[in-house]
Amino acid sequence: MFNSRIILSTLCFSLVFGEYDYSLEDLNSTSNYFEENVGASYFPDNVTLHYFGHYN
């Protein structure tokens with residue numbers, strides 16, 4: 001019973017925040033969109049994969 005509640009809570013949380021739209025500046029100097037704002041709404045009808053990483 002407890003596991004079912006955890007799974008249901010996780011599923012609901014994912015559905016609520018899964019469609020979050022954002023706009024961030026592209027800081028990748030090798031990107032075609034360098035120094036432009038990008039986000040999910042900038043690429044309609046495309047499947048996109050978002051990776052937020054850090055490097056020094």
# chains A, B, ... in the order shown; residues from 1 in each chain; ligands from 1
>>> residues_around(residues="segment 41-51 of chain A", least_positions_apart="4", cutoff="10 Å", atoms="only C-alpha atoms", output="list in words")
Tyr20, Asp21, Tyr22, Ser23 and Asn37 of chain A
>>> write_last_selection(atoms="N, CA and C atoms", output="PDB file, in the first residue's frame")
ATOM      1  N   TYR A  20       6.943  21.928 -17.929  1.00  0.00           N
ATOM      2  CA  TYR A  20       7.473  23.227 -17.529  1.00  0.00           C
ATOM      3  C   TYR A  20       8.197  23.884 -18.700  1.00  0.00           C
ATOM      4  N   ASP A  21       7.856  25.115 -19.020  1.00  0.00           N
ATOM      5  CA  ASP A  21       8.513  25.853 -20.091  1.00  0.00           C
ATOM      6  C   ASP A  21       9.494  26.844 -19.473  1.00  0.00           C
ATOM      7  N   TYR A  22      10.589  27.050 -20.134  1.00  0.00           N
ATOM      8  CA  TYR A  22      11.619  27.945 -19.632  1.00  0.00           C
ATOM      9  C   TYR A  22      12.286  28.630 -20.814  1.00  0.00           C
ATOM     10  N   SER A  23      13.056  29.646 -20.534  1.00  0.00           N
ATOM     11  CA  SER A  23      13.840  30.347 -21.542  1.00  0.00           C
ATOM     12  C   SER A  23      15.172  30.707 -20.903  1.00  0.00           C
ATOM     13  N   ASN A  37      18.295  33.041 -26.572  1.00  0.00           N
ATOM     14  CA  ASN A  37      17.441  32.341 -25.618  1.00  0.00           C
ATOM     15  C   ASN A  37      16.875  31.085 -26.262  1.00  0.00           C
TER      16      ASN A  37
END
>>> select_by_dssp(residues="segment 9-40 of chain A", states="strand (DSSP E or B)", output="list in words")
Leu24, Glu25, Asn37 and Val38 of chain A
>>> write_last_selection(atoms="C-alpha atoms", output="compact mmCIF listing (two decimals), in the first residue's frame")
# COMPACT_ATOMS: atom_id res chain seq x y z
CA LEU A 24 17.58 30.36 -20.90
CA GLU A 25 20.57 31.81 -22.73
CA ASN A 37 17.44 32.34 -25.62
CA VAL A 38 16.35 28.73 -25.99
>>> select_by_dssp(residues="chain A", states="alpha helix (DSSP H)", output="VMD selection string")
chain A and resid 2 to 17
>>> write_last_selection(atoms="C-alpha atoms", output="compact mmCIF listing (two decimals), in the first residue's frame")
# COMPACT_ATOMS: atom_id res chain seq x y z
CA PHE A 2 2.81 2.41 0.90
CA ASN A 3 4.66 1.65 -2.36
CA SER A 4 1.52 2.38 -4.36
CA ARG A 5 1.23 5.80 -2.75
CA ILE A 6 4.85 6.60 -3.53
CA ILE A 7 4.42 5.56 -7.16
CA LEU A 8 1.18 7.52 -7.50
CA SER A 9 2.74 10.61 -5.90
CA THR A 10 5.75 10.42 -8.21
CA LEU A 11 3.54 10.03 -11.26
CA CYS A 12 1.38 13.02 -10.30
CA PHE A 13 4.47 15.14 -9.59
CA SER A 14 5.93 14.22 -13.00
CA LEU A 15 2.74 15.13 -14.84
CA VAL A 16 2.42 18.48 -13.10
CA PHE A 17 6.01 19.61 -13.68
>>> residues_around(residues="Asn28 of chain A", least_positions_apart="4", cutoff="12 Å", atoms="only C-alpha atoms", output="list in words")
Leu24, Asn32, Tyr33, Phe34, Glu35, Glu36, Asn37, Val38, Phe52, Gly53, His54 and Tyr55 of chain A
>>> decode(residues="chain A", atoms="C-alpha atoms", output="compact mmCIF listing (two decimals), in the first residue's frame")
# COMPACT_ATOMS: atom_id res chain seq x y z
CA MET A 1 0.00 0.00 0.00
CA PHE A 2 2.81 2.41 0.90
CA ASN A 3 4.66 1.65 -2.36
CA SER A 4 1.52 2.38 -4.36
CA ARG A 5 1.23 5.80 -2.75
CA ILE A 6 4.85 6.60 -3.53
CA ILE A 7 4.42 5.56 -7.16
CA LEU A 8 1.18 7.52 -7.50
CA SER A 9 2.74 10.61 -5.90
CA THR A 10 5.75 10.42 -8.21
CA LEU A 11 3.54 10.03 -11.26
CA CYS A 12 1.38 13.02 -10.30
CA PHE A 13 4.47 15.14 -9.59
CA SER A 14 5.93 14.22 -13.00
CA LEU A 15 2.74 15.13 -14.84
CA VAL A 16 2.42 18.48 -13.10
CA PHE A 17 6.01 19.61 -13.68
CA GLY A 18 6.81 17.68 -16.88
CA GLU A 19 5.53 20.42 -19.19
CA TYR A 20 7.47 23.23 -17.53
CA ASP A 21 8.51 25.85 -20.09
CA TYR A 22 11.62 27.95 -19.63
CA SER A 23 13.84 30.35 -21.54
CA LEU A 24 17.58 30.36 -20.90
CA GLU A 25 20.57 31.81 -22.73
CA ASP A 26 22.61 29.26 -24.68
CA LEU A 27 26.19 29.52 -23.40
CA ASN A 28 27.65 26.79 -25.62
CA SER A 29 30.03 28.58 -28.01
CA THR A 30 29.81 25.72 -30.54
CA SER A 31 26.00 25.84 -30.70
CA ASN A 32 24.05 27.35 -33.60
CA TYR A 33 21.99 29.24 -31.00
CA PHE A 34 24.95 30.66 -29.01
CA GLU A 35 23.96 33.71 -26.92
CA GLU A 36 20.29 33.32 -27.91
CA ASN A 37 17.44 32.34 -25.62
CA VAL A 38 16.35 28.73 -25.99
CA GLY A 39 13.71 26.56 -24.37
CA ALA A 40 11.13 23.92 -25.17
CA SER A 41 8.71 26.42 -26.73
CA TYR A 42 11.39 27.61 -29.19
CA PHE A 43 11.36 24.22 -30.97
CA PRO A 44 7.71 23.27 -31.55
CA ASP A 45 6.89 19.84 -33.02
CA ASN A 46 10.38 18.55 -32.20
CA VAL A 47 11.47 16.00 -29.66
CA THR A 48 14.10 17.63 -27.48
CA LEU A 49 16.50 16.32 -24.87
CA HIS A 50 17.68 18.75 -22.23
CA TYR A 51 20.89 18.27 -20.29
CA PHE A 52 21.98 20.74 -17.67
CA GLY A 53 25.57 20.13 -16.70
CA HIS A 54 28.52 21.96 -15.23
CA TYR A 55 32.14 22.11 -16.22
CA ASN A 56 35.20 24.11 -15.20
